[in-house]
$ cat entry01.txt   # compact mmCIF, C-alpha atoms
# COMPACT_ATOMS: atom_id res chain seq x y z
CA MET O 242 0.00 0.00 0.00
CA LYS O 243 1.30 3.43 -0.96
CA LYS O 244 1.74 6.04 1.74
CA CYS O 245 1.84 9.50 0.21
CA TYR O 246 2.40 12.90 1.83
CA LEU O 247 0.60 15.76 0.12
CA ASP O 248 2.16 19.19 -0.15
CA SER O 249 0.07 22.32 0.40
CA ASN O 250 0.40 23.26 -3.31
CA VAL O 251 -1.38 20.00 -4.25
CA LEU O 252 -4.28 20.91 -1.96
CA ILE O 253 -4.40 24.48 -3.32
CA TYR O 254 -4.55 23.20 -6.93
CA PHE O 255 -7.13 20.59 -5.92
CA LYS O 256 -9.43 23.40 -4.78
CA ASP O 257 -8.51 25.89 -7.53
CA ASP O 258 -10.24 24.38 -10.57
CA LYS O 259 -9.22 27.31 -12.81
CA SER O 260 -5.54 26.65 -12.22
CA PRO O 261 -3.47 24.90 -14.96
CA GLN O 262 -2.26 22.42 -12.31
CA HIS O 263 -5.76 21.44 -11.15
CA LYS O 264 -6.15 18.51 -13.56
CA GLU O 265 -2.83 16.94 -12.59
CA ALA O 266 -3.57 17.34 -8.88
CA LEU O 267 -7.03 15.78 -9.24
CA ASP O 268 -5.91 12.98 -11.60
CA LYS O 269 -3.10 11.90 -9.28
CA LEU O 270 -5.38 11.97 -6.24
CA ILE O 271 -7.87 9.81 -8.16
CA LYS O 272 -5.07 7.36 -8.93
CA LEU O 273 -3.88 7.27 -5.32
CA ILE O 274 -7.37 6.67 -3.96
CA SER O 275 -8.05 4.02 -6.60
CA LEU O 276 -4.94 2.20 -5.35
CA GLN O 277 -6.27 2.43 -1.78
CA SER O 278 -3.27 4.56 -0.85
CA GLU O 279 -3.03 6.34 2.47
CA LEU O 280 -2.77 10.11 2.11
CA TYR O 281 -1.04 12.22 4.74
CA ILE O 282 -0.93 15.87 5.64
CA SER O 283 0.49 17.66 8.68
CA PRO O 284 -0.38 20.84 10.59
CA LEU O 285 2.50 22.45 8.65
CA VAL O 286 0.73 21.63 5.36
CA LEU O 287 -2.54 23.00 6.74
CA ASP O 288 -0.84 26.17 7.94
CA GLU O 289 0.60 26.78 4.45
CA PHE O 290 -2.72 25.98 2.78
CA ILE O 291 -4.66 28.35 5.07
CA TYR O 292 -2.11 31.15 4.71
CA VAL O 293 -1.92 31.02 0.90
CA ILE O 294 -5.70 30.75 0.41
CA LYS O 295 -6.34 33.62 2.86
CA HIS O 296 -3.65 35.69 1.13
CA LEU O 297 -5.20 35.12 -2.33
CA LEU O 298 -8.76 35.82 -1.11
CA SER O 299 -7.63 38.97 0.70
CA LEU O 300 -5.88 40.27 -2.46
CA GLN O 301 -9.23 40.40 -4.27
CA LYS O 302 -10.85 42.05 -1.21
CA SER O 303 -13.34 39.25 -0.84
CA LYS O 304 -16.00 39.86 1.80
CA THR O 305 -16.32 36.16 2.52
CA VAL O 306 -12.67 35.36 3.23
CA PHE O 307 -13.25 33.32 6.38
CA THR O 308 -16.36 31.55 5.09
CA ASP O 309 -14.54 30.51 1.90
CA LEU O 310 -11.46 29.58 3.89
CA GLU O 311 -13.44 27.39 6.28
CA LYS O 312 -15.20 25.62 3.41
CA SER O 313 -11.92 24.93 1.60
CA LEU O 314 -10.36 23.60 4.78
CA ARG O 315 -13.34 21.36 5.49
CA ASP O 316 -13.18 20.03 1.93
CA ILE O 317 -9.53 19.05 2.05
CA LEU O 318 -9.94 17.44 5.48
CA ASP O 319 -12.78 15.43 3.97
CA ILE O 320 -10.64 13.98 1.13
CA PRO O 321 -10.99 10.18 1.32
CA ASN O 322 -8.08 8.28 2.94
CA ILE O 323 -6.51 11.49 4.30
CA LYS O 324 -4.88 11.43 7.73
CA LEU O 325 -3.19 14.06 9.86
CA ILE O 326 0.30 13.32 11.16
CA ASN O 327 2.69 15.24 13.38
CA PRO O 328 6.40 15.94 13.56
CA PRO O 329 8.44 13.91 16.06
CA ILE O 330 8.47 15.29 19.61
CA GLU O 331 11.95 14.16 20.66
CA PRO O 332 14.25 17.22 20.94
CA VAL O 333 17.17 15.42 19.28
CA LYS O 334 15.09 14.66 16.17
CA GLN O 335 14.56 18.38 15.55
CA LEU O 336 18.27 18.67 14.75
CA GLU O 337 17.71 16.55 11.65
CA THR O 338 16.06 19.56 9.95
CA VAL O 339 19.40 21.41 9.94
CA LYS O 340 21.06 18.33 8.44
CA TYR O 341 18.45 18.27 5.66
CA MET O 342 18.77 22.02 5.07
CA ARG O 343 22.50 21.62 4.58
CA LYS O 344 22.45 18.38 2.60
CA TYR O 345 19.56 19.17 0.24
CA ARG O 346 19.66 22.98 0.33
CA LEU O 347 16.12 23.15 1.64
CA SER O 348 14.37 25.98 3.41
CA ALA O 349 13.66 25.38 7.10
CA ARG O 350 10.01 24.81 6.25
CA ASP O 351 10.77 22.24 3.57
CA ALA O 352 13.31 20.50 5.80
CA TYR O 353 10.57 20.16 8.40
CA HIS O 354 8.25 18.60 5.82
CA LEU O 355 10.99 16.10 5.02
CA LEU O 356 11.48 15.32 8.72
CA ILE O 357 7.74 14.65 9.10
CA ILE O 358 7.73 12.41 6.00
CA LEU O 359 10.74 10.35 7.09
CA GLU O 360 9.76 10.05 10.75
CA ASN O 361 6.32 8.76 9.75
CA LYS O 362 7.88 6.24 7.33
CA ILE O 363 6.11 7.66 4.29
CA ASN O 364 7.66 6.67 0.98
CA PHE O 365 5.95 8.96 -1.55
CA PHE O 366 5.66 12.73 -1.73
CA PHE O 367 3.29 14.53 -4.08
CA THR O 368 4.39 18.12 -4.64
CA PHE O 369 4.66 20.66 -7.42
CA ASP O 370 7.68 22.20 -5.69
CA ASN O 371 10.98 21.75 -7.55
CA ASP O 372 12.98 22.51 -4.41
CA PHE O 373 12.78 18.84 -3.45
CA LYS O 374 14.56 17.70 -6.61
CA SER O 375 17.80 16.78 -4.80
CA VAL O 376 15.82 14.81 -2.19
CA PHE O 377 14.17 12.75 -4.94
CA THR O 378 17.52 12.28 -6.69
CA ASP O 379 18.95 10.88 -3.45
CA ARG O 380 16.02 8.41 -3.40
CA ILE O 381 15.25 8.75 0.28
CA ILE O 382 11.65 9.37 -0.79
CA THR O 383 9.94 9.03 -4.16
CA SER O 384 8.22 11.79 -6.08
CA TYR O 385 4.64 10.93 -6.89
CA MET P 31 6.83 -16.93 1.66
CA GLN P 32 7.16 -15.34 5.12
CA GLN P 33 6.03 -17.07 8.31
CA THR P 34 3.07 -14.70 8.74
CA ASP P 35 1.95 -15.35 5.15
CA ILE P 36 2.02 -19.12 5.77
CA GLU P 37 -0.03 -18.67 8.94
CA GLY P 38 -2.52 -16.49 7.08
CA PHE P 39 -2.80 -19.01 4.27
CA THR P 40 -3.26 -21.96 6.67
CA GLN P 41 -6.03 -20.05 8.44
CA LYS P 42 -7.90 -19.83 5.15
CA LEU P 43 -7.93 -23.59 4.49
CA LEU P 44 -11.35 -25.07 5.20
CA PRO P 45 -12.04 -28.80 4.93
CA LEU P 46 -15.37 -29.56 3.24
CA THR P 47 -16.53 -31.61 6.23
CA VAL P 48 -16.02 -28.60 8.55
CA LEU P 49 -18.07 -26.45 6.17
CA ARG P 50 -20.87 -29.04 6.15
CA ARG P 51 -20.97 -29.45 9.93
CA ASN P 52 -20.32 -25.86 11.05
CA ALA P 53 -21.75 -23.65 8.30
CA GLY P 54 -22.92 -20.99 10.80
CA MET P 55 -19.50 -20.59 12.39
CA VAL P 56 -17.77 -20.67 8.98
CA PHE P 57 -19.90 -17.79 7.61
CA LYS P 58 -19.36 -15.79 10.79
CA ARG P 59 -15.57 -16.13 10.37
CA LEU P 60 -15.83 -15.49 6.63
CA SER P 61 -16.76 -11.87 7.25
CA GLU P 62 -13.59 -11.48 9.36
CA ILE P 63 -11.17 -13.44 7.13
CA GLY P 64 -12.53 -12.48 3.70
CA GLU P 65 -12.21 -15.86 2.01
CA PHE P 66 -11.71 -19.59 2.59
CA ILE P 67 -10.10 -22.17 0.35
CA VAL P 68 -12.35 -25.22 0.62
CA THR P 69 -10.41 -28.49 0.61
CA LYS P 70 -11.44 -32.10 0.05
CA ASP P 71 -9.01 -34.86 0.98
CA GLY P 72 -6.42 -32.13 1.60
CA LYS P 73 -6.70 -30.70 -1.91
CA PRO P 74 -8.15 -27.24 -2.73
CA ILE P 75 -11.46 -27.55 -4.60
CA ALA P 76 -13.22 -24.17 -4.24
CA ARG P 77 -12.93 -20.63 -2.99
CA LEU P 78 -15.54 -19.19 -0.64
CA SER P 79 -15.46 -15.37 -0.67
CA SER P 80 -17.19 -12.79 1.46
CA LEU P 81 -19.30 -10.18 -0.33
CA LYS P 82 -17.41 -7.63 1.76
CA ILE P 83 -14.81 -7.58 -1.06
CA SER P 84 -17.33 -6.24 -3.58
CA LYS P 85 -18.44 -3.70 -0.97
CA ASP P 86 -14.82 -2.44 -0.82
CA VAL P 87 -14.74 -2.04 -4.61
CA GLU P 88 -17.95 -0.09 -4.34
CA SER P 89 -16.49 2.10 -1.65
CA ILE P 90 -13.61 3.11 -3.95
CA SER P 91 -16.12 4.39 -6.50
CA GLU P 92 -17.95 6.18 -3.70
CA LYS P 93 -14.69 7.71 -2.54
CA LEU P 94 -13.92 8.93 -6.06
CA LYS P 95 -17.41 10.41 -6.37
CA LYS P 96 -16.82 12.23 -3.10
CA LEU P 97 -13.40 13.44 -4.26
CA HIS P 98 -14.93 14.96 -7.42
CA LYS P 99 -17.54 16.76 -5.28
CA LEU P 100 -14.83 18.21 -3.04
CA ALA P 101 -12.56 19.36 -5.89
CA GLY P 102 -12.61 22.95 -7.10
CA GLY P 103 -14.98 25.68 -6.02
CA LEU P 104 -12.37 28.09 -4.70
CA LYS P 105 -13.30 31.57 -5.88
CA ILE P 106 -9.91 33.12 -6.54
CA LYS P 107 -9.04 35.36 -9.48
CA LYS P 108 -5.27 34.93 -9.35
CA HIS P 109 -3.98 31.41 -9.95
CA PRO P 110 -0.47 31.09 -8.54
CA ASN P 111 2.12 28.78 -10.06
CA PRO P 112 4.26 26.65 -7.69
CA LYS P 113 6.98 29.34 -7.53
CA ASP P 114 4.38 31.98 -6.59
CA ILE P 115 3.18 29.79 -3.72
CA THR P 116 6.74 29.39 -2.42
CA ARG P 117 7.23 33.17 -2.77
CA ILE P 118 4.04 33.91 -0.79
CA LEU P 119 5.19 31.59 1.99
CA ASN P 120 8.76 32.91 2.01
CA ASN P 121 7.51 36.52 2.15
CA ARG P 122 5.49 35.66 5.21
CA HIS P 123 8.60 34.42 6.98
CA GLU P 124 10.53 37.54 5.96
CA LYS P 125 7.69 39.75 7.22
CA MET P 126 7.71 37.94 10.55
CA LEU P 127 11.46 38.38 10.89
CA SER P 128 11.55 42.08 9.92

$ encode --input "entry01.txt" --output "structure tokens"
Amino acid sequence: MKKCYLDSNVLIYFKDDKSPQHKEALDKLIKLISLQSELYISPLVLDEFIYVIKHLLSLQKSKTVFTDLEKSLRDILDIPNIKLINPPIEPVKQLETVKYMRKYRLSARDAYHLLIILENKINFFFTFDNDFKSVFTDRIITSY
Amino acid sequence: MQQTDIEGFTQKLLPLTVLRRNAGMVFKRLSEIGEFIVTKDGKPIARLSSLKISKDVESISEKLKKLHKLAGGLKIKKHPNPKDITRILNNRHEKMLS
């Protein structure tokens, strides 16, 4: 069974049906669910999703920012097979993020995503972010 | 084959005489195990499957229907590319630090 971590950009494109990336996001989610895969997100993913959606809604001076935001959040939490996972709580494990930042030239945020993925023994990562290229090249996780 | 696989397989073997004499118990366990391989004189002769399997197939189609309902619907005019999303998130961090 595939275990796949979803990046916030996947969730944004899943909800933004006018985006050029929407079809790919939806098609790959269909494939994952058809294969009975387990989908994972973390509070860090949710934080990014909420911030970006709120930012985009605020730019257009929408009067229903929080209503739209709440609906979008409910929808992604309702995606079949999706589960919330957390980073490790051991202090020593937090140091791994710096190792990943140095080794793969990741931002602190992305290094934290990687820590969550590896600590939860997830083997696939679905993202539209090219910053993880060196991580995929090193084959510690597989790009979906 | 691993030890656990062998145990799982052995659990599924069901002699025909046991099926005849304990049909009630067999069908109760069938819903837990999923399927039995019916044997006669130690040889496999038939497969007895729970309808739960077809329910699972149905649930995938239900899940996909649900996924389609949940997709889209976000009323935004600007559609960021992946780099824009990273930029929005990085700017937030810079704002917090300044």

$ residues_around --input "entry01.txt" --residues "segment 280-284 of chain O" --least-positions-apart "6" --cutoff "6 Å" --atoms "only C-alpha atoms" --output "mmCIF file with C-alpha atoms, in the coordinates of the input"
data_model
loop_
_atom_site.group_PDB
_atom_site.id
_atom_site.type_symbol
_atom_site.label_atom_id
_atom_site.label_comp_id
_atom_site.auth_asym_id
_atom_site.auth_seq_id
_atom_site.Cartn_x
_atom_site.Cartn_y
_atom_site.Cartn_z
ATOM 1 C CA CYS O 245 1.840 9.500 0.210
ATOM 2 C CA TYR O 246 2.400 12.900 1.830
ATOM 3 C CA LEU O 247 0.600 15.760 0.120
ATOM 4 C CA ASN O 322 -8.080 8.280 2.940
ATOM 5 C CA ILE O 323 -6.510 11.490 4.300
ATOM 6 C CA LYS O 324 -4.880 11.430 7.730
ATOM 7 C CA LEU O 325 -3.190 14.060 9.860
ATOM 8 C CA ILE O 326 0.300 13.320 11.160
ATOM 9 C CA ASN O 327 2.690 15.240 13.380
#

$ closest_atom_pairs --input "entry01.txt" --of "chain P" --to "chain O" --cutoff "12 Å" --atoms "all atoms listed in the file" --output "tab-separated table"
residue	atom	partner	partner_atom	distance
P:Asp86	CA	O:Gln277	CA	9.9
P:Val87	CA	O:Ser275	CA	9.2
P:Glu88	CA	O:Ser275	CA	11.0
P:Ser89	CA	O:Ser275	CA	10.0
P:Ile90	CA	O:Ser275	CA	6.2
P:Ser91	CA	O:Ser275	CA	8.1
P:Glu92	CA	O:Pro321	CA	9.5
P:Lys93	CA	O:Pro321	CA	5.9
P:Leu94	CA	O:Ile271	CA	6.5
P:Lys95	CA	O:Ile271	CA	9.7
P:Lys96	CA	O:Pro321	CA	7.6
P:Leu97	CA	O:Ile320	CA	6.1
P:His98	CA	O:Leu267	CA	8.1
P:Lys99	CA	O:Asp316	CA	9.0
P:Leu100	CA	O:Asp316	CA	5.5
P:Ala101	CA	O:Lys256	CA	5.2
P:Gly102	CA	O:Lys256	CA	4.0
P:Gly103	CA	O:Lys256	CA	6.1
P:Leu104	CA	O:Asp257	CA	5.3
P:Lys105	CA	O:Asp257	CA	7.6
P:Ile106	CA	O:Leu298	CA	6.2
P:Lys107	CA	O:Gln301	CA	7.3
P:Lys108	CA	O:Leu297	CA	7.0
P:His109	CA	O:Ser260	CA	5.5
P:Pro110	CA	O:Ser260	CA	7.7
P:Asn111	CA	O:Gln262	CA	8.0
P:Pro112	CA	O:Asp370	CA	6.0
P:Lys113	CA	O:Asp370	CA	7.4
P:Asp114	CA	O:Val293	CA	9.8
P:Ile115	CA	O:Val293	CA	7.0
P:Thr116	CA	O:Asp370	CA	8.0
P:Arg117	CA	O:Val293	CA	10.1
P:Ile118	CA	O:Val293	CA	6.8
P:Leu119	CA	O:Glu289	CA	7.1
P:Asn120	CA	O:Ser348	CA	9.0
P:Asn121	CA	O:Val293	CA	11.0
P:Arg122	CA	O:Tyr292	CA	8.9
P:His123	CA	O:Arg350	CA	9.7

$ residues_near_point --input "entry01.txt" --point "(-9.9, -28.1, 6.1)" --cutoff "12 Å" --atoms "all atoms listed in the file" --output "PyMOL selection string"
chain P and resi 39-52+56+66-76

$ atom_distance --input "entry01.txt" --atom1 "atom CA of Asp268 of chain O" --atom2 "atom CA of Tyr345 of chain O"
28.8 Å

$ atom_distance --input "entry01.txt" --atom1 "atom CA of Ile381 of chain O" --atom2 "atom CA of Phe365 of chain O"
9.5 Å

$ atom_distance --input "entry01.txt" --atom1 "atom CA of Glu360 of chain O" --atom2 "atom CA of Pro329 of chain O"
6.7 Å

$ decode --input "entry01.txt" --residues "segment 64-79 of chain P" --atoms "N, CA and C atoms" --output "PDB file, in the first residue's frame"
ATOM      1  N   GLY P  64     -12.406 -12.917   5.102  1.00  0.00           N
ATOM      2  CA  GLY P  64     -12.534 -12.479   3.700  1.00  0.00           C
ATOM      3  C   GLY P  64     -12.781 -13.618   2.748  1.00  0.00           C
ATOM      4  N   GLU P  65     -11.977 -14.703   2.883  1.00  0.00           N
ATOM      5  CA  GLU P  65     -12.210 -15.864   2.011  1.00  0.00           C
ATOM      6  C   GLU P  65     -11.641 -17.148   2.623  1.00  0.00           C
ATOM      7  N   PHE P  66     -12.214 -18.260   2.200  1.00  0.00           N
ATOM      8  CA  PHE P  66     -11.712 -19.587   2.586  1.00  0.00           C
ATOM      9  C   PHE P  66     -11.391 -20.361   1.320  1.00  0.00           C
ATOM     10  N   ILE P  67     -10.374 -21.210   1.422  1.00  0.00           N
ATOM     11  CA  ILE P  67     -10.104 -22.168   0.349  1.00  0.00           C
ATOM     12  C   ILE P  67     -10.674 -23.503   0.847  1.00  0.00           C
ATOM     13  N   VAL P  68     -11.700 -23.976   0.183  1.00  0.00           N
ATOM     14  CA  VAL P  68     -12.345 -25.224   0.623  1.00  0.00           C
ATOM     15  C   VAL P  68     -11.510 -26.397   0.098  1.00  0.00           C
ATOM     16  N   THR P  69     -11.217 -27.325   1.006  1.00  0.00           N
ATOM     17  CA  THR P  69     -10.406 -28.490   0.608  1.00  0.00           C
ATOM     18  C   THR P  69     -11.196 -29.791   0.786  1.00  0.00           C
ATOM     19  N   LYS P  70     -10.862 -30.754  -0.077  1.00  0.00           N
ATOM     20  CA  LYS P  70     -11.444 -32.103   0.054  1.00  0.00           C
ATOM     21  C   LYS P  70     -10.280 -33.085  -0.065  1.00  0.00           C
ATOM     22  N   ASP P  71     -10.150 -33.931   0.906  1.00  0.00           N
ATOM     23  CA  ASP P  71      -9.009 -34.857   0.979  1.00  0.00           C
ATOM     24  C   ASP P  71      -7.682 -34.091   0.905  1.00  0.00           C
ATOM     25  N   GLY P  72      -7.649 -32.917   1.540  1.00  0.00           N
ATOM     26  CA  GLY P  72      -6.416 -32.134   1.598  1.00  0.00           C
ATOM     27  C   GLY P  72      -6.100 -31.337   0.345  1.00  0.00           C
ATOM     28  N   LYS P  73      -6.981 -31.426  -0.670  1.00  0.00           N
ATOM     29  CA  LYS P  73      -6.702 -30.704  -1.914  1.00  0.00           C
ATOM     30  C   LYS P  73      -7.702 -29.549  -2.088  1.00  0.00           C
ATOM     31  N   PRO P  74      -7.228 -28.369  -2.539  1.00  0.00           N
ATOM     32  CA  PRO P  74      -8.155 -27.242  -2.726  1.00  0.00           C
ATOM     33  C   PRO P  74      -9.159 -27.517  -3.844  1.00  0.00           C
ATOM     34  N   ILE P  75     -10.439 -27.294  -3.569  1.00  0.00           N
ATOM     35  CA  ILE P  75     -11.457 -27.554  -4.595  1.00  0.00           C
ATOM     36  C   ILE P  75     -12.315 -26.313  -4.921  1.00  0.00           C
ATOM     37  N   ALA P  76     -12.375 -25.355  -3.980  1.00  0.00           N
ATOM     38  CA  ALA P  76     -13.219 -24.175  -4.240  1.00  0.00           C
ATOM     39  C   ALA P  76     -12.781 -22.999  -3.374  1.00  0.00           C
ATOM     40  N   ARG P  77     -13.221 -21.837  -3.777  1.00  0.00           N
ATOM     41  CA  ARG P  77     -12.935 -20.631  -2.990  1.00  0.00           C
ATOM     42  C   ARG P  77     -14.265 -20.057  -2.505  1.00  0.00           C
ATOM     43  N   LEU P  78     -14.327 -19.765  -1.224  1.00  0.00           N
ATOM     44  CA  LEU P  78     -15.539 -19.188  -0.644  1.00  0.00           C
ATOM     45  C   LEU P  78     -15.205 -17.750  -0.241  1.00  0.00           C
ATOM     46  N   SER P  79     -15.814 -16.773  -0.927  1.00  0.00           N
ATOM     47  CA  SER P  79     -15.463 -15.374  -0.669  1.00  0.00           C
ATOM     48  C   SER P  79     -16.598 -14.602  -0.022  1.00  0.00           C
TER      49      SER P  79
END
